[in-house]
Every structure is written in structure tokens, then in C-alpha cells.
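Enquirer: Provided herewith is a single structure, encoded as C-alpha cells, for subsequent inquiry.
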Amino acid sequence: MTIFYFTATGNSLDIAKRLGAHFGAVLRSIPQADTATDYTDDVIGVVFPVYAWNIPAIVTRFLKRVTLTAQYKFAVAAHGGEPGEIGGILTKIAAFDNVFTVGTWSNYLPFNNDVPPVAVDVVPELTQIVRKIEAREKRIFELGNAEPFDAAPWAGMALEYNWRDNCNACGVCSRVCPVGNCKPVHKFASHCEGCMACLQNCPEAALFMPGEPTRYRYRNPNVTTDEIIAANEQTAVL
């Protein structure tokens with residue numbers, strides 16, 4: 001089994017790690033995936049977060065670029081609110097035998113209340129998902145009206161990000177960015193994915209959105225910053 005994943009604050013990586021440990025799967029980060037266009041295994045899974053009831057642009061681009069060949073293919077969408085018609089949207093990009101959803105803590109700061117994050121126990125939902133994967137359960141999804149994100153939906157949002165005086169130029173923000181959009185010394189490009197990895201993983205909480213409703217930051221407690229860096233770090237020069 002191969003599991004591809006995209007993560008910004010660790011929720012999807014936590015899910016991928018748990019599934020990988022159970023099935024003995026190979027985990028592959030989507031931002032770090034090589035340039036191959038064809039991947040083959042007996043079972044292939046894709047784990048990603050839901051963004052605005054849709055699929056992250058980086059995941060859309062990946063699925064449009066590659067061919068996944070397997071006897072059974074599944075996806076798991078981690079959502080902090082409602083998953084929307086994620087199964088129907090995903091079906092417009094690639095054929096999956098089943099699409100599962102798992103409730104997690106939301107990392108989208110503009111929608112968060114000013115309360116400390118609470119770790120969400122995903123084990124009960126994943127236990128059911130594991131059983132369905134083992135049974136090779138299939139499900140047909142109806143196509144909805146929504147289209148999958150392609151171009152980065154929040155490109156330019158980086159203009160609304162800023163640094164407080166306590167920034168120490170440690171570089172974590174740039175290293176967790178999955179598309180090389182963020183660099184130290186207070187510089188952004190214009191291809192933001194809106195994933196919030198830079199804001200949420202800043203160890204000093206120095207990076208912020210003007211007018212954001214919460215002072216709190218979030219990273220999945222079962223995932224380290226180093227793991228997110230390993231999954232996302234890019235070498236692109238702005």
C-alpha cells in the first residue's frame with residue numbers, strides 16, 4: 001500500500017501515519033513527490049485536508065498530473081468544519097473506490113474562535129475506515145455543482161500576512177511552506193496555497209493575519225514541526 005498525503009498543521013499526516021502503521025504502507029508527501037506521472041501498488045490512498053469545502057489546489061494539481069493504478073483506491077479528507085460534497089468533487093478529478101472523511105481541529109484562522117485548540121480523537125472514525133478499507137468497500141458519489149480548486153484559490157492572500165517584532169528570522173515559516181511561497185526576512189511571493197502552515201507553525205507566533213479573530217496557534221499534537229518541514233520544504237527561490 002502507498003499513501004500520498006498533504007499536510008500543513010499535521011492533521012492529515014497524523015491520519016496517514018496511523019493508516020500507514022496499521023497497513024504497513026509507504027507514506028509519500030505530495031509536495032515532495034517526484035516528477036513521475038505513474039504510480040502503481042495493490043492499494044493506493046490519498047489523505048488531504050478540506051479547504052472551503054473543496055480540495056487543496058496542490059492536491060488537485062497532483063491528481064491531475066499523475067495516474068494512480070491500484071486494485072483499490074481510497075481517499076481520506078480531514079475536515080475542521082463540514083466536508084461538503086468532497087466525494088463528488090474528487091470524482092471529477094480521479095476515480096476512487098471510496099472517499100472517507102474524518103473530523104479534526106480546523107487550522108483556518110479567519111474562522112476560528114479565540115479559544116485554545118482541542119485535540120480531536122480521530123481513532124473511532126479511523127477504526128471504521130480501516131475496516132472498510134480491509135473489506136474493500138466501494139461507494140459511488142454523485143457529481144455536485146462545485147468544481148475542484150486548480151489555481152491556488154487564495155493567491156495574493158500573502159499580502160495580508162505580516163510579522164510582529166518578535167520574529168527572529170528562524171526560517172520555520174519558509175521551511176513548512178509546501179510551494180516555496182514564504183521566505184524569512186519578511187517576504188512572500190504570489191502563489192499562496194492558503195494552507196496556514198507558515199502562521200500556525202511559527203514557534204514565536206510572530207506571523208499573523210491583520211484582524212485575525214484568535215491569538216492561538218495549532219499543530220496536531222501527534223506531529224512535530226520537523227515532520228512537517230520534511231513533508232513540505234521546497235528549495236525554490238522567490
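We label chains A, B, ... in the order they appear in the C-alpha cells, count residues from 1 in each chain, and number ligands from 1 in the order shown.
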Write out as a PyMOL selection string all residues of region 22-230 of chain A that backbone DSSP assigns to strand (DSSP E or B).

Expert: chain A and resi 26-29+38-40+43-49+51+54+67-69+72-79+98-103+162-163+182-183+187-188+207-208

Enquirer: Using only C-alpha atoms, which residues sit within 8 Å of Tyr216 (chain A) once same-chain residues fewer than 4 positions away are excluded, as a PyMOL selection string?

Expert: chain A and resi 114-117

Enquirer: What's around Ile30 (chain A) at 7 Å? Count only C-alpha atoms, leave out sequence neighbours fewer than 4 positions away in its own chain, and write the answer as a list in words.

Expert: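 Neighbouring residues, sequence-local ones excluded: Phe4, Tyr5 and Phe6 of chain A.
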
Enquirer: Write the selection just made, keeping N, CA, C and O atoms, as a PDB file, in the first residue's frame?

Expert:
ATOM      1  N   PHE A   4      -0.358   8.676  -0.279  1.00  0.00           N
ATOM      2  CA  PHE A   4       0.099  10.033  -0.547  1.00  0.00           C
ATOM      3  C   PHE A   4      -0.646  10.972   0.389  1.00  0.00           C
ATOM      4  O   PHE A   4      -1.845  10.771   0.648  1.00  0.00           O
ATOM      5  N   TYR A   5       0.038  12.008   0.869  1.00  0.00           N
ATOM      6  CA  TYR A   5      -0.631  12.918   1.789  1.00  0.00           C
ATOM      7  C   TYR A   5      -0.143  14.344   1.577  1.00  0.00           C
ATOM      8  O   TYR A   5       0.958  14.589   1.077  1.00  0.00           O
ATOM      9  N   PHE A   6      -1.003  15.270   1.958  1.00  0.00           N
ATOM     10  CA  PHE A   6      -0.629  16.683   2.033  1.00  0.00           C
ATOM     11  C   PHE A   6      -1.024  17.188   3.403  1.00  0.00           C
ATOM     12  O   PHE A   6      -2.145  16.955   3.867  1.00  0.00           O
TER      13      PHE A   6
END

Enquirer: Do you know which residues are at most 7 Å from region 225-231 of chain A counting only C-alpha atoms, after dropping those on the same chain fewer than 5 positions away, and could you put them as a PyMOL selection string?

Expert: chain A and resi 8+10+29+31-32+175-176+201

Enquirer: Hey, can you spit out that residue selection with N, CA and C atoms as a short mmCIF file (atom, residue, chain, number, x, y, z; two decimals), in the first residue's frame?

Expert:
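Listed below is the output, out-v4.cif:
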data_model
loop_
_atom_site.label_atom_id
_atom_site.label_comp_id
_atom_site.auth_asym_id
_atom_site.auth_seq_id
_atom_site.Cartn_x
_atom_site.Cartn_y
_atom_site.Cartn_z
N ALA A 8 -0.46 20.56 6.44
CA ALA A 8 0.04 21.89 6.77
C ALA A 8 0.25 22.03 8.27
N GLY A 10 -0.50 19.13 10.33
CA GLY A 10 -0.31 17.80 10.88
C GLY A 10 -1.51 16.89 10.93
N SER A 29 4.86 12.21 0.70
CA SER A 29 4.34 13.57 0.75
C SER A 29 4.07 14.07 -0.66
N PRO A 31 3.79 17.31 -1.71
CA PRO A 31 4.73 18.37 -2.10
C PRO A 31 6.13 17.85 -2.44
N GLN A 32 6.51 16.69 -1.90
CA GLN A 32 7.82 16.13 -2.15
C GLN A 32 7.81 15.02 -3.18
N ARG A 175 10.26 26.99 5.64
CA ARG A 175 10.53 25.56 5.52
C ARG A 175 9.27 24.71 5.54
N VAL A 176 8.19 25.21 6.16
CA VAL A 176 6.95 24.45 6.18
C VAL A 176 6.04 24.79 5.00
N ASN A 201 2.67 27.23 12.33
CA ASN A 201 3.88 26.57 12.81
C ASN A 201 4.96 27.52 13.30
#

Enquirer: Just the residues within 9 Å of region 43-56 of chain A, please, counting only C-alpha atoms, with nothing from its chain fewer than 6 positions along; format it as a ChimeraX atom specification.

Expert: /A:1-8,11-13,15-16,68-86,89-90,96,108,146-150,152-153,193-195

Enquirer: For Asp165 (chain A), find every residue with an atom within 12 Å (counting only C-alpha atoms), except residues of its own chain fewer than 4 positions away, and show them as a VMD selection string.

Expert: chain A and resid 169 185 to 186 204 to 208

Enquirer: Can those selected residues be exported to a file as a CSV table (one decimal), in the first residue's frame so that it contains all heavy atoms?

Expert:
chain,number,residue,atom,x,y,z
A,169,ALA,N,13.6,35.5,12.6
A,169,ALA,CA,14.1,35.0,11.3
A,169,ALA,C,14.6,33.6,11.4
A,169,ALA,O,15.6,33.2,10.8
A,169,ALA,CB,15.1,36.0,10.8
A,185,VAL,N,13.0,37.0,6.4
A,185,VAL,CA,13.2,38.4,6.2
A,185,VAL,C,12.0,39.0,5.5
A,185,VAL,O,12.0,39.9,4.7
A,185,VAL,CB,14.4,38.6,5.3
A,185,VAL,CG1,14.9,40.1,5.3
A,185,VAL,CG2,15.6,37.7,5.7
A,186,HIS,N,10.8,38.5,5.9
A,186,HIS,CA,9.5,39.2,5.7
A,186,HIS,C,9.2,39.3,4.2
A,186,HIS,O,9.0,40.4,3.6
A,186,HIS,CB,9.4,40.5,6.3
A,186,HIS,CG,9.7,40.5,7.8
A,186,HIS,ND1,9.8,41.6,8.6
A,186,HIS,CD2,10.0,39.4,8.6
A,186,HIS,CE1,10.1,41.2,9.8
A,186,HIS,NE2,10.2,39.9,9.9
A,204,GLU,N,7.2,31.4,17.4
A,204,GLU,CA,7.0,32.6,18.2
A,204,GLU,C,5.7,33.3,18.0
A,204,GLU,O,5.4,34.3,18.6
A,204,GLU,CB,8.1,33.7,17.8
A,204,GLU,CG,9.6,33.2,17.9
A,204,GLU,CD,9.9,32.8,19.4
A,204,GLU,OE1,9.4,33.5,20.3
A,204,GLU,OE2,10.7,31.9,19.6
A,205,ALA,N,4.8,32.6,17.2
A,205,ALA,CA,3.5,33.2,16.8
A,205,ALA,C,3.7,34.7,16.3
A,205,ALA,O,2.9,35.5,16.5
A,205,ALA,CB,2.6,33.2,18.0
A,206,ALA,N,4.8,34.9,15.6
A,206,ALA,CA,5.2,36.2,15.1
A,206,ALA,C,4.5,36.5,13.8
A,206,ALA,O,4.2,37.7,13.4
A,206,ALA,CB,6.7,36.4,14.9
A,207,LEU,N,4.1,35.5,13.0
A,207,LEU,CA,3.4,35.7,11.7
A,207,LEU,C,1.9,35.8,12.0
A,207,LEU,O,1.4,34.9,12.7
A,207,LEU,CB,3.8,34.6,10.8
A,207,LEU,CG,3.4,34.7,9.3
A,207,LEU,CD1,4.0,35.9,8.7
A,207,LEU,CD2,3.8,33.5,8.6
A,208,PHE,N,1.2,36.7,11.4
A,208,PHE,CA,-0.2,36.9,11.7
A,208,PHE,C,-1.0,37.4,10.5
A,208,PHE,O,-0.4,38.0,9.6
A,208,PHE,CB,-0.4,37.7,12.9
A,208,PHE,CG,-0.1,39.2,12.7
A,208,PHE,CD1,-1.1,40.1,12.5
A,208,PHE,CD2,1.2,39.6,12.8
A,208,PHE,CE1,-0.8,41.5,12.3
A,208,PHE,CE2,1.5,41.0,12.6
A,208,PHE,CZ,0.5,41.9,12.3

Enquirer: Report as a list in words: the residues of region 71-157 of chain A with a DSSP assignment of alpha helix (DSSP H), based on the backbone of this structure.

Expert: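 These are the residues in question: Ile86, Gly87, Gly88, Ile89, Leu90, Thr91, Val123, Pro124, Glu125, Leu126, Thr127, Gln128, Ile129, Val130, Arg131, Lys132, Ile133 and Glu134 of chain A.
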
Enquirer: Any chance you could export the current selection's C-alpha atoms as an mmCIF file, in the first residue's frame?

Expert:
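Saved the output as out-v7.cif:
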data_model
loop_
_atom_site.group_PDB
_atom_site.id
_atom_site.type_symbol
_atom_site.label_atom_id
_atom_site.label_comp_id
_atom_site.auth_asym_id
_atom_site.auth_seq_id
_atom_site.Cartn_x
_atom_site.Cartn_y
_atom_site.Cartn_z
ATOM 1 C CA ILE A 86 -15.917 16.348 -1.236
ATOM 2 C CA GLY A 87 -16.504 12.884 -2.669
ATOM 3 C CA GLY A 88 -18.346 14.236 -5.690
ATOM 4 C CA ILE A 89 -15.720 16.925 -6.262
ATOM 5 C CA LEU A 90 -12.885 14.422 -6.037
ATOM 6 C CA THR A 91 -14.641 12.135 -8.523
ATOM 7 C CA VAL A 123 -9.304 6.875 16.411
ATOM 8 C CA PRO A 124 -13.037 5.985 16.413
ATOM 9 C CA GLU A 125 -13.542 7.254 12.861
ATOM 10 C CA LEU A 126 -10.296 5.726 11.620
ATOM 11 C CA THR A 127 -11.208 2.376 13.165
ATOM 12 C CA GLN A 128 -14.325 2.308 10.996
ATOM 13 C CA ILE A 129 -12.388 3.464 7.949
ATOM 14 C CA VAL A 130 -9.771 0.733 8.425
ATOM 15 C CA ARG A 131 -12.495 -1.915 8.465
ATOM 16 C CA LYS A 132 -13.998 -0.531 5.268
ATOM 17 C CA ILE A 133 -10.610 -0.449 3.540
ATOM 18 C CA GLU A 134 -9.910 -4.026 4.632
#

Enquirer: Which residue gives the smallest distance to Cys173 (chain A) among A:Lys17, A:Asn222, A:Glu233, A:Ala151, with only C-alpha atoms counted?

Expert: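 Ranked by minimum distance to Cys173 (chain A), first place goes to A:Glu233.
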
Enquirer: Which value, in Å to one decimal, gives the distance between CA of Asp97 (chain A) and CA of Asp121 (chain A)?

Expert: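 So the answer is 25.5 Å.
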